[in-house]
Each structure stands twice: as C-alpha cells, then as structure tokens.
file coords_20.cif (mmCIF, C-alpha atoms and all ligand atoms)
data_query
#
loop_
_atom_site.label_atom_id
_atom_site.label_comp_id
_atom_site.auth_asym_id
_atom_site.auth_seq_id
_atom_site.Cartn_x
_atom_site.Cartn_y
_atom_site.Cartn_z
CA MET M 1 29.35 -47.50 39.43
CA SER M 2 26.94 -45.18 41.28
CA ASP M 3 29.58 -44.12 43.82
CA ASN M 4 31.69 -42.82 41.01
CA ILE M 5 29.05 -40.83 39.21
CA ARG M 6 29.96 -37.17 39.09
CA ASP M 7 27.41 -34.39 39.22
CA THR M 8 29.24 -32.49 36.55
CA VAL M 9 32.33 -32.68 34.37
CA ILE M 10 33.70 -29.65 32.54
CA LEU M 11 35.63 -30.14 29.33
CA GLY M 12 38.19 -27.40 28.94
CA SER M 13 40.06 -25.05 31.23
CA GLY M 14 39.85 -21.74 29.38
CA CYS M 15 37.84 -18.74 30.43
CA SER M 16 34.41 -20.37 29.99
CA GLY M 17 35.35 -23.71 31.58
CA LEU M 18 36.94 -22.04 34.60
CA THR M 19 33.98 -19.71 35.11
CA ALA M 20 31.69 -22.75 34.98
CA ALA M 21 34.02 -24.41 37.49
CA ILE M 22 33.83 -21.45 39.90
CA TYR M 23 30.04 -21.42 39.79
CA THR M 24 29.48 -25.20 40.03
CA ALA M 25 32.12 -25.48 42.76
CA ARG M 26 30.41 -22.75 44.78
CA ALA M 27 27.16 -24.70 44.32
CA ASN M 28 28.97 -27.62 45.99
CA LEU M 29 28.79 -29.81 42.88
CA LYS M 30 32.52 -30.71 43.07
CA PRO M 31 33.14 -30.24 39.34
CA LEU M 32 35.90 -32.15 37.62
CA VAL M 33 37.68 -30.04 35.01
CA LEU M 34 39.43 -31.95 32.22
CA GLU M 35 42.10 -29.49 31.20
CA GLY M 36 42.29 -30.61 27.57
CA HIS M 37 44.98 -30.34 24.89
CA GLU M 38 45.57 -26.63 25.46
CA PRO M 39 45.27 -26.03 29.22
CA GLY M 40 44.12 -22.52 30.00
CA GLY M 41 42.82 -22.06 26.46
CA GLN M 42 43.58 -19.09 24.26
CA LEU M 43 44.12 -16.63 27.12
CA SER M 44 47.06 -18.68 28.31
CA ILE M 45 48.95 -17.95 25.09
CA THR M 46 48.06 -14.30 24.82
CA THR M 47 49.76 -11.27 26.34
CA LEU M 48 48.08 -8.24 27.85
CA VAL M 49 44.30 -8.42 28.09
CA GLU M 50 43.01 -4.86 28.20
CA ASN M 51 39.29 -5.38 27.86
CA PHE M 52 38.41 -7.77 30.67
CA PRO M 53 36.42 -5.64 33.12
CA GLY M 54 37.95 -5.08 36.53
CA PHE M 55 41.58 -4.61 35.49
CA PRO M 56 42.07 -0.92 34.71
CA GLU M 57 45.73 -1.45 33.77
CA GLY M 58 45.00 -4.72 31.94
CA ILE M 59 46.15 -8.17 33.03
CA GLN M 60 48.39 -10.77 31.40
CA GLY M 61 46.27 -13.60 29.91
CA PRO M 62 48.10 -16.42 31.74
CA GLN M 63 47.72 -14.56 35.05
CA LEU M 64 43.99 -14.09 34.49
CA ILE M 65 43.63 -17.82 33.84
CA GLU M 66 45.73 -18.72 36.89
CA ASN M 67 43.57 -16.45 39.07
CA MET M 68 40.40 -18.12 37.80
CA LYS M 69 41.84 -21.58 38.37
CA GLN M 70 42.80 -20.75 41.96
CA GLN M 71 39.37 -19.25 42.52
CA ALA M 72 37.68 -22.47 41.31
CA ALA M 73 40.05 -24.69 43.31
CA ARG M 74 39.32 -22.69 46.48
CA PHE M 75 35.70 -23.81 46.26
CA GLY M 76 36.54 -27.46 45.59
CA ALA M 77 36.89 -27.81 41.81
CA GLU M 78 39.15 -30.70 40.80
CA PHE M 79 41.51 -30.49 37.83
CA ARG M 80 42.88 -33.28 35.74
CA MET M 81 45.38 -33.16 32.87
CA ALA M 82 43.27 -35.25 30.52
CA HIS M 83 41.25 -34.83 27.37
CA LEU M 84 38.16 -36.48 25.99
CA VAL M 85 38.70 -39.32 23.52
CA SER M 86 35.01 -40.07 22.98
CA ALA M 87 31.69 -39.57 24.71
CA ASP M 88 28.45 -41.51 24.84
CA LEU M 89 25.66 -39.01 25.41
CA SER M 90 22.90 -41.50 24.57
CA ARG M 91 23.08 -43.20 27.97
CA ARG M 92 22.69 -41.84 31.49
CA PRO M 93 24.83 -41.10 33.28
CA PHE M 94 26.89 -39.88 30.33
CA ALA M 95 30.04 -41.89 29.67
CA LEU M 96 33.28 -40.04 28.94
CA ASN M 97 36.24 -42.01 27.65
CA ILE M 98 39.47 -40.23 28.57
CA GLY M 99 41.76 -43.00 27.37
CA SER M 100 42.96 -44.33 30.71
CA GLU M 101 39.40 -44.77 32.05
CA THR M 102 35.73 -44.01 31.52
CA LEU M 103 34.13 -41.33 33.66
CA HIS M 104 30.42 -41.13 34.40
CA THR M 105 28.58 -37.89 34.95
CA ARG M 106 25.01 -36.67 35.28
CA THR M 107 25.76 -33.43 33.46
CA LEU M 108 28.41 -32.22 31.07
CA ILE M 109 29.66 -28.72 30.32
CA ILE M 110 31.52 -28.51 27.01
CA ALA M 111 33.98 -25.62 27.12
CA SER M 112 36.52 -27.11 24.74
CA GLY M 113 37.11 -23.83 22.93
CA ALA M 114 38.68 -23.40 19.54
CA SER M 115 42.15 -24.07 18.14
CA ALA M 116 44.26 -22.04 15.75
CA ARG M 117 43.43 -22.36 12.05
CA TRP M 118 46.11 -23.09 9.45
CA LEU M 119 46.25 -22.20 5.76
CA GLY M 120 46.47 -25.89 4.90
CA LEU M 121 49.42 -25.64 2.50
CA PRO M 122 51.66 -28.75 2.52
CA SER M 123 54.75 -26.52 2.83
CA GLU M 124 53.19 -24.73 5.81
CA GLN M 125 52.40 -28.01 7.57
CA ALA M 126 55.93 -29.32 6.89
CA LEU M 127 57.48 -26.25 8.53
CA ILE M 128 55.38 -26.00 11.70
CA GLY M 129 57.92 -25.62 14.48
CA HIS M 130 60.63 -24.70 11.94
CA GLY M 131 59.62 -21.10 11.41
CA VAL M 132 55.85 -21.54 11.01
CA SER M 133 53.84 -20.90 14.17
CA SER M 134 50.35 -19.98 15.32
CA CYS M 135 51.51 -18.62 18.67
CA ALA M 136 53.48 -15.39 18.76
CA THR M 137 53.78 -15.39 22.52
CA CYS M 138 55.19 -18.94 22.47
CA ASP M 139 57.63 -18.58 19.58
CA GLY M 140 58.27 -14.87 19.02
CA PHE M 141 61.47 -14.96 21.01
CA PHE M 142 63.12 -17.17 18.36
CA PHE M 143 62.85 -14.39 15.78
CA SER M 144 64.96 -11.74 17.43
CA GLY M 145 66.63 -9.58 14.80
CA LYS M 146 64.78 -11.27 11.92
CA GLU M 147 62.11 -10.30 9.41
CA ILE M 148 58.85 -12.21 9.65
CA ALA M 149 55.31 -12.31 8.28
CA VAL M 150 51.96 -12.47 10.06
CA ILE M 151 48.94 -13.68 8.12
CA GLY M 152 45.40 -12.38 8.74
CA GLY M 153 43.32 -9.25 9.00
CA GLY M 154 41.53 -9.65 12.34
CA ASP M 155 42.41 -8.68 15.90
CA SER M 156 44.51 -11.82 16.39
CA ALA M 157 46.75 -10.90 13.47
CA MET M 158 47.11 -7.30 14.73
CA GLU M 159 47.90 -8.48 18.22
CA GLU M 160 50.48 -10.98 16.97
CA ALA M 161 52.11 -8.44 14.67
CA LEU M 162 52.35 -5.85 17.44
CA PHE M 163 53.75 -8.37 19.90
CA LEU M 164 56.32 -9.63 17.39
CA THR M 165 57.75 -6.14 16.88
CA ARG M 166 59.47 -6.71 20.24
CA PHE M 167 61.72 -9.25 18.56
CA ALA M 168 61.62 -8.88 14.79
CA THR M 169 63.25 -6.07 12.86
CA LYS M 170 60.30 -6.00 10.47
CA VAL M 171 56.82 -7.54 10.44
CA TYR M 172 54.89 -7.91 7.18
CA LEU M 173 51.18 -8.17 7.88
CA ILE M 174 49.75 -10.09 4.95
CA HIS M 175 45.99 -9.98 4.40
CA ARG M 176 43.97 -11.46 1.55
CA ARG M 177 41.66 -8.43 1.22
CA ASP M 178 42.03 -4.69 1.66
CA HIS M 179 39.33 -4.48 4.33
CA PHE M 180 40.12 -5.57 7.85
CA ARG M 181 37.97 -7.32 10.44
CA ALA M 182 40.22 -6.00 13.17
CA SER M 183 38.85 -3.40 15.58
CA ARG M 184 39.77 0.18 14.72
CA ILE M 185 42.04 0.62 17.73
CA MET M 186 44.11 -2.49 16.93
CA LEU M 187 44.33 -1.68 13.23
CA ASP M 188 45.41 1.90 13.99
CA ARG M 189 48.12 0.67 16.33
CA ALA M 190 49.45 -1.76 13.74
CA MET M 191 49.34 0.83 10.96
CA ALA M 192 51.15 3.38 13.11
CA HIS M 193 53.95 1.01 14.09
CA PRO M 194 57.20 1.75 12.25
CA LYS M 195 58.20 -1.93 12.09
CA ILE M 196 54.89 -3.16 10.62
CA GLN M 197 54.21 -3.08 6.88
CA LEU M 198 50.74 -3.96 5.64
CA VAL M 199 50.58 -6.12 2.50
CA THR M 200 46.98 -6.32 1.32
CA ASN M 201 45.16 -8.27 -1.40
CA THR M 202 47.81 -10.92 -1.02
CA VAL M 203 47.78 -14.66 -0.29
CA VAL M 204 50.55 -17.12 0.53
CA GLU M 205 50.95 -19.75 -2.18
CA GLU M 206 53.91 -21.58 -0.68
CA VAL M 207 56.25 -21.43 2.28
CA LEU M 208 59.82 -21.75 1.02
CA GLY M 209 62.46 -23.78 2.84
CA VAL M 210 60.93 -27.27 3.17
CA GLU M 211 64.16 -28.96 2.06
CA GLU M 212 66.30 -26.84 4.37
CA LYS M 213 63.80 -27.47 7.21
CA GLU M 214 63.58 -23.75 7.99
CA VAL M 215 61.48 -20.94 6.58
CA LYS M 216 63.41 -19.08 3.88
CA GLY M 217 60.59 -17.00 2.49
CA LEU M 218 57.06 -16.92 1.12
CA ARG M 219 55.79 -17.16 -2.42
CA LEU M 220 52.96 -14.63 -2.55
CA ARG M 221 50.23 -13.89 -5.06
CA ASN M 222 48.49 -10.57 -5.41
CA THR M 223 44.77 -11.38 -5.67
CA ALA M 224 44.03 -8.20 -7.64
CA THR M 225 46.75 -8.51 -10.30
CA GLY M 226 47.61 -12.22 -10.12
CA GLN M 227 51.27 -11.28 -9.90
CA GLU M 228 53.54 -13.57 -7.89
CA SER M 229 56.48 -12.46 -5.77
CA ILE M 230 58.94 -13.80 -3.20
CA LEU M 231 59.12 -12.28 0.26
CA HIS M 232 62.28 -13.17 2.17
CA VAL M 233 61.30 -13.78 5.79
CA SER M 234 62.49 -16.21 8.47
CA GLY M 235 59.14 -16.90 10.02
CA MET M 236 55.41 -17.02 9.33
CA PHE M 237 52.82 -16.58 12.08
CA LEU M 238 49.18 -17.48 11.48
CA GLY M 239 46.55 -15.16 12.89
CA ILE M 240 43.62 -16.32 10.77
CA GLY M 241 41.13 -17.40 13.39
CA HIS M 242 40.22 -20.64 15.07
CA GLU M 243 38.35 -23.93 14.60
CA PRO M 244 35.89 -25.08 17.27
CA ASN M 245 36.95 -28.24 19.16
CA ALA M 246 33.69 -30.12 18.78
CA LYS M 247 34.39 -32.85 16.23
CA MET M 248 34.07 -35.56 18.89
CA PHE M 249 30.39 -34.64 19.31
CA ALA M 250 29.44 -34.91 15.63
CA GLY M 251 26.34 -37.08 15.34
CA GLN M 252 25.42 -36.66 19.02
CA LEU M 253 24.98 -32.89 19.16
CA ASP M 254 23.95 -30.44 16.43
CA LEU M 255 26.93 -28.69 14.86
CA ASP M 256 26.68 -25.82 12.38
CA GLU M 257 28.38 -25.77 8.96
CA ASP M 258 31.68 -24.63 10.50
CA GLY M 259 31.59 -27.16 13.32
CA TYR M 260 30.39 -24.92 16.18
CA ILE M 261 27.99 -26.58 18.63
CA LYS M 262 24.49 -25.22 18.06
CA THR M 263 22.82 -24.01 21.24
CA GLN M 264 19.48 -22.58 22.27
CA ASN M 265 18.96 -20.11 25.10
CA TYR M 266 22.69 -19.48 24.91
CA VAL M 267 24.05 -22.79 26.25
CA LEU M 268 21.46 -25.59 25.85
CA THR M 269 22.42 -28.37 23.44
CA ARG M 270 19.90 -30.80 22.05
CA VAL M 271 20.74 -33.30 24.83
CA PRO M 272 19.25 -32.30 28.21
CA GLY M 273 22.02 -32.16 30.79
CA VAL M 274 24.69 -31.26 28.22
CA TYR M 275 25.65 -27.59 27.91
CA ALA M 276 28.12 -25.81 25.65
CA CYS M 277 29.78 -22.49 26.41
CA GLY M 278 32.56 -20.25 25.19
CA ASP M 279 34.28 -20.40 21.82
CA VAL M 280 33.07 -23.92 20.99
CA GLN M 281 29.55 -22.53 20.55
CA ASP M 282 30.08 -18.81 19.99
CA ARG M 283 31.02 -17.87 16.46
CA ARG M 284 29.92 -14.27 16.85
CA TYR M 285 31.49 -12.58 19.88
CA ARG M 286 34.39 -14.84 20.93
CA GLN M 287 35.63 -12.62 23.73
CA ALA M 288 37.03 -13.64 27.10
CA ILE M 289 34.18 -11.86 28.85
CA THR M 290 31.46 -13.48 26.73
CA ALA M 291 33.09 -16.88 27.22
CA ALA M 292 33.03 -16.26 30.97
CA GLY M 293 29.38 -15.19 30.67
CA THR M 294 28.24 -18.35 28.92
CA GLY M 295 30.36 -20.45 31.30
CA CYS M 296 28.33 -18.95 34.12
CA MET M 297 25.07 -19.67 32.28
CA ALA M 298 26.06 -23.31 31.69
CA ALA M 299 26.84 -23.73 35.39
CA LEU M 300 23.47 -22.28 36.41
CA GLU M 301 21.74 -24.63 33.93
CA VAL M 302 23.58 -27.58 35.48
CA GLU M 303 22.35 -26.56 38.94
CA LYS M 304 18.80 -26.25 37.68
CA TYR M 305 18.96 -29.59 35.85
CA LEU M 306 20.27 -31.43 38.91
CA GLU M 307 17.61 -29.84 41.13
CA GLU M 308 14.90 -31.01 38.74
CA HIS M 309 16.32 -34.48 38.04
CA GLY M 310 17.91 -35.33 41.39
CA ARG M 311 21.58 -35.82 42.10
P1 LIG B 401 38.74 -13.25 12.77
O1 LIG B 401 38.21 -11.97 13.30
O2 LIG B 401 37.80 -14.28 12.25
O3 LIG B 401 39.78 -12.89 11.63
C1 LIG B 401 40.40 -13.87 10.89
C2 LIG B 401 41.20 -13.20 9.79
O4 LIG B 401 41.94 -14.20 9.08
C3 LIG B 401 40.34 -12.49 8.77
O5 LIG B 401 40.96 -11.30 8.39
C4 LIG B 401 40.27 -13.48 7.62
O6 LIG B 401 40.20 -12.85 6.37
C5 LIG B 401 41.62 -14.14 7.71
N1 LIG B 401 41.58 -15.52 7.19
C6 LIG B 401 40.76 -16.54 7.60
N2 LIG B 401 41.03 -17.66 6.90
C7 LIG B 401 42.05 -17.33 6.04
C8 LIG B 401 42.75 -18.07 5.08
N3 LIG B 401 42.51 -19.37 4.85
N4 LIG B 401 43.71 -17.42 4.39
C9 LIG B 401 44.00 -16.12 4.62
N5 LIG B 401 43.35 -15.37 5.54
C10 LIG B 401 42.38 -15.98 6.25
O7 LIG B 401 39.63 -14.01 13.88
P2 LIG B 401 40.54 -13.40 15.03
O8 LIG B 401 41.38 -12.31 14.55
O9 LIG B 401 41.18 -14.60 15.64
O10 LIG B 401 39.52 -12.81 16.07
C11 LIG B 401 38.48 -13.63 16.62
C12 LIG B 401 37.72 -12.87 17.72
O11 LIG B 401 38.57 -12.67 18.84
C13 LIG B 401 37.26 -11.51 17.25
O12 LIG B 401 35.99 -11.28 17.82
C14 LIG B 401 38.28 -10.56 17.83
O13 LIG B 401 37.75 -9.28 18.10
C15 LIG B 401 38.66 -11.30 19.13
N6 LIG B 401 40.03 -10.93 19.52
C16 LIG B 401 40.21 -9.79 20.22
C17 LIG B 401 41.49 -9.37 20.59
C18 LIG B 401 41.66 -8.11 21.37
O14 LIG B 401 40.69 -7.39 21.55
N7 LIG B 401 42.84 -7.79 21.83
C19 LIG B 401 42.59 -10.12 20.21
C20 LIG B 401 42.41 -11.28 19.46
C21 LIG B 401 41.12 -11.67 19.11
P3 LIG B 401 38.79 -12.22 5.85
O15 LIG B 401 38.62 -10.98 6.63
O16 LIG B 401 39.05 -12.01 4.39
O17 LIG B 401 37.76 -13.26 6.12
#
call {"tool": "encode", "arguments": {"input": "coords_20.cif", "output": "structure tokens", "more": "lines below"}}
Ligand code: NAP
result
Amino acid sequence: MSDNIRDTVILGSGCSGLTAAIYTARANLKPLVLEGHEPGGQLSITTLVENFPGFPEGIQGPQLIENMKQQAARFGAEFRMAHLVSADLSRRPFALNIGSETLHTRTLIIASGASARWLGLPSEQALIGHGVSSCATCDGFFFSGKEIAVIGGGDSAMEEALFLTRFATKVYLIHRRDHFRASRIMLDRAMAHPKIQLVTNTVVEEVLGVEEKEVKGLRLRNTATGQESILHVSGMFLGIGHEPNAKMFAGQLDLDEDGYIKTQNYVLTRVPGVYACGDVQDRRYRQAITAAGTGCMAALEVEKYLEEHGR
C-alpha cells in the first residue's frame, strides 16, 4: 500500500479547494483533487464576480474557476471526477472510499463547500427541474418571456433576480421578512430594476402544478396578516442560502448545529492532518476571496504537518 499513499487529497474543486491545490502543488506535494458532485463549486454556476481582487472589470465565475484549475494543473495537481462516499479518519494513513476504490493519504483538505438549500415543501421537491430551480444561470434561459419568482432576501436572491431579468418579463422577489440580509448595493440594484417587484413578509406555502408537472403558480401567505393569495408564475428560483457538505464526517469531526465543520486557528479540525476550508467551515463570511484565503491556510498547514511528521 505504501507506494500508493498520497501526501494530500483535496475534497472539492471550488475556490478554496483549487487554492489549496495551487499551494500544495507548488510545494511539490502532487495533490489529488476529487472534484465532487458540483465541480467548480458555487462560482461555476454564478455570473459576473465583481469583488474578487485583481479583476477591475470583474470576471465570470466559471472563467475564474477555470483559471485556478489551470494554475493548479501547471504545478502538477491531479484532478479526478469522483466524490467521497465515506472516510476513515481514525487510521493512518486516512482511508477515503470513493466507490470504485479506496485512496490512502497522509493529509486531507476538506473543501467540499455548501449546496443550495430548499424550502422543503413536497410540491417544491416534486417540481425540481419542472420550473423549480436553485440555479438561475443554469435554468434562466428556459423562462424567456415568462413571469417568475425568486425566494430569499440575501445577496444570492438579489443576484438571481437581477440575472433572471434578462429572460423573464417580471421577477417577483419574495422574502419572508421586511429586512434584507443583502448588501446595500445589491438590494438597491434589485429595487431600482423595473422588472423586479419586491414581495415582503411573505412565505411560499405550496408550489402549484404538481399534477401538470410544471409550475403554474405559488400559494403565498402574508406572515403579517395571515392572508393567503395565489401568484401566477411559471418558475420559482431558490436563493435562500446553502447547506455545508460535511454530513459524511459526522462523528469523526466536530460539526456545529447547522452542520458546518468546526475549526480552530481557521482551518484545523480536531484530527491532526485533516483541515477544512471554504464554505464547509465558514458560516460567517462565505466569499470567494475568504474561501481562497482559508484554502491557502489549509495548504500551508499540510506542508507544516508533513514536515513535522515525515512524508
Ligand atoms: P444568506 O445571506 O444566508 O441569505 C439567505 C436568505 O434566504 C435570507 O434572506 C433568509 O431569510 C432566506 N431564507 C433562508 N431560509 C429560508 C426559508 N426556509 N424560507 C424562506 N427564506 C429563507 O445567503 P446568500 O444570499 O446565499 O448569501 C451567502 C453569502 O454569500 C453572503 O455572505 C453573501 O454576501 C455572499 N454572496 C455574495 C454575492 C455577491 O456579492 N455578488 C452573491 C451571492 C452571495 P432571513 O433573512 O429571514 O433569515
């Protein structure tokens, strides 16, 4: 087995995983990146990124990810379209079951990110792919000339609503409160857009159209008055945040009440040699640049660990 023991494996190919890959590859550790269920992570399904330093005109999310991937590959990072099924962190080297085989590694960088959150309504789940979506950039095109709704009050919801105005004739932005988490600039843009109508203090009770297998509308409830109403739309986009992809480490690493991996000194988990970075451990900032920052930290910790414990 010893010939096949890796110095480091990186779970996830978003901003944090790719930054960790660049750093560990430049340290000659030949990292293996398991690309995961959503290769490229959240940036790969976003549009213009305007706040990543170094791009005065902004850069498209997928392009930024592609650049990072090429940068890591140039220094020897390996990529594999695979995802973790289970891990045994109690033995050394760590054992990673990826379905087709078990990999062994001295260190592990968990950069598995977070996935879109759903409302959890049975009617919503039944209509995913039939008018219900969590990815405006993937599915917006299908709603040309139609009226749609976006759910949420954070930056994701604003970004989705603004993007969807390219296709839809009208975008209802439905938020359960009348205060918004979104940054001022994004909220102002959404409020100023002639195609976007804000609907506050409102929750979705049911997505209509399950029998017809396409979204026909939403049954809404005003949380202030209790009054119900029907909104006729052809699509519903979720922009209500994300869930960390860390369930497979429950019992082996410390997770907080919402499932984020708990870390100390930014990226250290309770198992020496295992580091977590990016959105799987950051419930506070969740930015591309902070994910890149912690990816860098995790890589530097891996280098230090291998120096101290031998390769
Ligand atoms: P977020 O800031 O956590 O906002 C989630 C929104 O969804 C909140 O308004 C929340 O309502 C609502 N929500 C959550 N669960 C809900 C439910 N079950 N039913 C109805 N509404 C629900 O998440 P985010 O918008 O994805 O943003 C995450 C981070 O990424 C933030 O730091 C944000 O700044 C960043 N981001 C930045 C950009 C950008 O700069 N261009 C774009 C996207 C994301 P409450 O407010 O009532 O809790």
call {"tool": "residues_around", "arguments": {"input": "coords_20.cif", "residues": "Ala114 in chain M", "least_positions_apart": "2", "cutoff": "9 Å", "atoms": "only C-alpha atoms", "output": "number ranges by chain"}}
result
M: 41-42, 112, 116-117, 241-246, 278-280
call {"tool": "residues_near_point", "arguments": {"input": "coords_20.cif", "point": "(62.0, -7.2, 14.1)", "cutoff": "12 Å", "atoms": "all atoms listed in the file", "output": "NGL selection string"}}
result
:M and (140-149 or 161-172 or 193-197 or 233-235)
call {"tool": "residues_around", "arguments": {"input": "coords_20.cif", "residues": "range 51-68 of chain M", "least_positions_apart": "5", "cutoff": "12 Å", "atoms": "all atoms listed in the file", "output": "ChimeraX atom specification"}}
result
/M:13-23,39-46,73-75,77,137-138,287-293
call {"tool": "closest_atom_pairs", "arguments": {"input": "coords_20.cif", "of": "chain M", "to": "ligand LIG 401 (chain B)", "cutoff": "9 Å", "atoms": "only C-alpha atoms and all ligand atoms", "output": "CSV"}}
result
residue,atom,partner,partner_atom,distance
M:Thr46,CA,B:LIG401,C19,8.3
M:Thr47,CA,B:LIG401,N7,9.0
M:Leu48,CA,B:LIG401,N7,8.0
M:Val49,CA,B:LIG401,N7,6.5
M:Glu50,CA,B:LIG401,N7,7.0
M:Asn51,CA,B:LIG401,O14,6.8
M:Ala116,CA,B:LIG401,O9,8.1
M:Arg117,CA,B:LIG401,N2,7.4
M:Trp118,CA,B:LIG401,N3,6.9
M:Leu119,CA,B:LIG401,N3,4.8
M:Gly120,CA,B:LIG401,N3,7.6
M:Ile151,CA,B:LIG401,N5,6.4
M:Gly152,CA,B:LIG401,O4,3.9
M:Gly153,CA,B:LIG401,O5,3.2
M:Gly154,CA,B:LIG401,O8,3.5
M:Asp155,CA,B:LIG401,O8,4.0
M:Ser156,CA,B:LIG401,O8,3.7
M:Ala157,CA,B:LIG401,O8,5.7
M:Met158,CA,B:LIG401,O8,7.6
M:Glu159,CA,B:LIG401,C19,5.9
M:Glu160,CA,B:LIG401,C20,8.5
M:Ile174,CA,B:LIG401,N5,8.3
M:His175,CA,B:LIG401,N5,6.1
M:Arg176,CA,B:LIG401,C9,5.6
M:Arg177,CA,B:LIG401,O16,5.4
M:Asp178,CA,B:LIG401,O16,8.4
M:His179,CA,B:LIG401,O15,6.9
M:Phe180,CA,B:LIG401,O15,5.7
M:Arg181,CA,B:LIG401,O15,5.3
M:Ala182,CA,B:LIG401,O1,6.3
M:Ser183,CA,B:LIG401,O13,6.5
M:Ile185,CA,B:LIG401,O14,9.0
M:Met186,CA,B:LIG401,N7,7.3
M:Thr202,CA,B:LIG401,C9,8.6
M:Val203,CA,B:LIG401,C9,6.4
M:Val204,CA,B:LIG401,C9,7.8
M:Leu238,CA,B:LIG401,O4,8.3
M:Gly239,CA,B:LIG401,O4,6.1
M:Ile240,CA,B:LIG401,O4,3.2
M:Gly241,CA,B:LIG401,O9,3.6
M:His242,CA,B:LIG401,O9,6.1
M:Arg283,CA,B:LIG401,O12,8.4
M:Arg284,CA,B:LIG401,O12,6.8
M:Tyr285,CA,B:LIG401,O12,5.1
M:Arg286,CA,B:LIG401,O12,5.0
M:Gln287,CA,B:LIG401,C15,5.7
M:Ala288,CA,B:LIG401,O11,8.5
call {"tool": "closest_residue", "arguments": {"input": "coords_20.cif", "among": "M:Ser86, M:Asn265, M:Gln125, M:Asn4", "to": "Met236 in chain M", "atoms": "only C-alpha atoms"}}
result
M:Gln125
call {"tool": "build_atoms", "arguments": {"input": "coords_20.cif", "residues": "range 6-19 of chain M", "atoms": "N, CA, C and O atoms", "output": "PDB file, in the frame of the given file"}}
result
ATOM      1  N   ARG M   6      29.748 -38.589  38.782  1.00  0.00           N
ATOM      2  CA  ARG M   6      29.960 -37.170  39.090  1.00  0.00           C
ATOM      3  C   ARG M   6      28.686 -36.385  38.827  1.00  0.00           C
ATOM      4  O   ARG M   6      27.882 -36.759  37.971  1.00  0.00           O
ATOM      5  N   ASP M   7      28.524 -35.283  39.541  1.00  0.00           N
ATOM      6  CA  ASP M   7      27.410 -34.390  39.220  1.00  0.00           C
ATOM      7  C   ASP M   7      27.693 -33.642  37.933  1.00  0.00           C
ATOM      8  O   ASP M   7      26.803 -33.462  37.108  1.00  0.00           O
ATOM      9  N   THR M   8      28.929 -33.208  37.793  1.00  0.00           N
ATOM     10  CA  THR M   8      29.240 -32.490  36.550  1.00  0.00           C
ATOM     11  C   THR M   8      30.730 -32.610  36.204  1.00  0.00           C
ATOM     12  O   THR M   8      31.588 -32.626  37.086  1.00  0.00           O
ATOM     13  N   VAL M   9      30.974 -32.715  34.906  1.00  0.00           N
ATOM     14  CA  VAL M   9      32.330 -32.680  34.370  1.00  0.00           C
ATOM     15  C   VAL M   9      32.401 -31.531  33.384  1.00  0.00           C
ATOM     16  O   VAL M   9      31.449 -31.291  32.627  1.00  0.00           O
ATOM     17  N   ILE M  10      33.503 -30.793  33.433  1.00  0.00           N
ATOM     18  CA  ILE M  10      33.700 -29.650  32.540  1.00  0.00           C
ATOM     19  C   ILE M  10      34.844 -29.969  31.601  1.00  0.00           C
ATOM     20  O   ILE M  10      35.943 -30.303  32.053  1.00  0.00           O
ATOM     21  N   LEU M  11      34.573 -29.889  30.314  1.00  0.00           N
ATOM     22  CA  LEU M  11      35.630 -30.140  29.330  1.00  0.00           C
ATOM     23  C   LEU M  11      36.253 -28.818  28.956  1.00  0.00           C
ATOM     24  O   LEU M  11      35.603 -27.982  28.326  1.00  0.00           O
ATOM     25  N   GLY M  12      37.499 -28.622  29.338  1.00  0.00           N
ATOM     26  CA  GLY M  12      38.190 -27.400  28.940  1.00  0.00           C
ATOM     27  C   GLY M  12      38.469 -26.497  30.122  1.00  0.00           C
ATOM     28  O   GLY M  12      37.642 -26.384  31.038  1.00  0.00           O
ATOM     29  N   SER M  13      39.643 -25.871  30.097  1.00  0.00           N
ATOM     30  CA  SER M  13      40.060 -25.050  31.230  1.00  0.00           C
ATOM     31  C   SER M  13      40.421 -23.630  30.799  1.00  0.00           C
ATOM     32  O   SER M  13      41.318 -22.999  31.342  1.00  0.00           O
ATOM     33  N   GLY M  14      39.708 -23.136  29.769  1.00  0.00           N
ATOM     34  CA  GLY M  14      39.850 -21.740  29.380  1.00  0.00           C
ATOM     35  C   GLY M  14      38.892 -20.888  30.207  1.00  0.00           C
ATOM     36  O   GLY M  14      38.387 -21.318  31.253  1.00  0.00           O
ATOM     37  N   CYS M  15      38.649 -19.704  29.696  1.00  0.00           N
ATOM     38  CA  CYS M  15      37.840 -18.740  30.430  1.00  0.00           C
ATOM     39  C   CYS M  15      36.419 -19.242  30.733  1.00  0.00           C
ATOM     40  O   CYS M  15      35.907 -19.081  31.841  1.00  0.00           O
ATOM     41  N   SER M  16      35.785 -19.902  29.761  1.00  0.00           N
ATOM     42  CA  SER M  16      34.410 -20.370  29.990  1.00  0.00           C
ATOM     43  C   SER M  16      34.400 -21.559  30.937  1.00  0.00           C
ATOM     44  O   SER M  16      33.584 -21.614  31.868  1.00  0.00           O
ATOM     45  N   GLY M  17      35.319 -22.517  30.719  1.00  0.00           N
ATOM     46  CA  GLY M  17      35.350 -23.710  31.580  1.00  0.00           C
ATOM     47  C   GLY M  17      35.654 -23.340  33.026  1.00  0.00           C
ATOM     48  O   GLY M  17      35.024 -23.865  33.956  1.00  0.00           O
ATOM     49  N   LEU M  18      36.582 -22.407  33.222  1.00  0.00           N
ATOM     50  CA  LEU M  18      36.940 -22.040  34.600  1.00  0.00           C
ATOM     51  C   LEU M  18      35.834 -21.244  35.276  1.00  0.00           C
ATOM     52  O   LEU M  18      35.613 -21.375  36.476  1.00  0.00           O
ATOM     53  N   THR M  19      35.128 -20.433  34.511  1.00  0.00           N
ATOM     54  CA  THR M  19      33.980 -19.710  35.110  1.00  0.00           C
ATOM     55  C   THR M  19      32.906 -20.721  35.511  1.00  0.00           C
ATOM     56  O   THR M  19      32.341 -20.633  36.608  1.00  0.00           O
TER      57      THR M  19
END
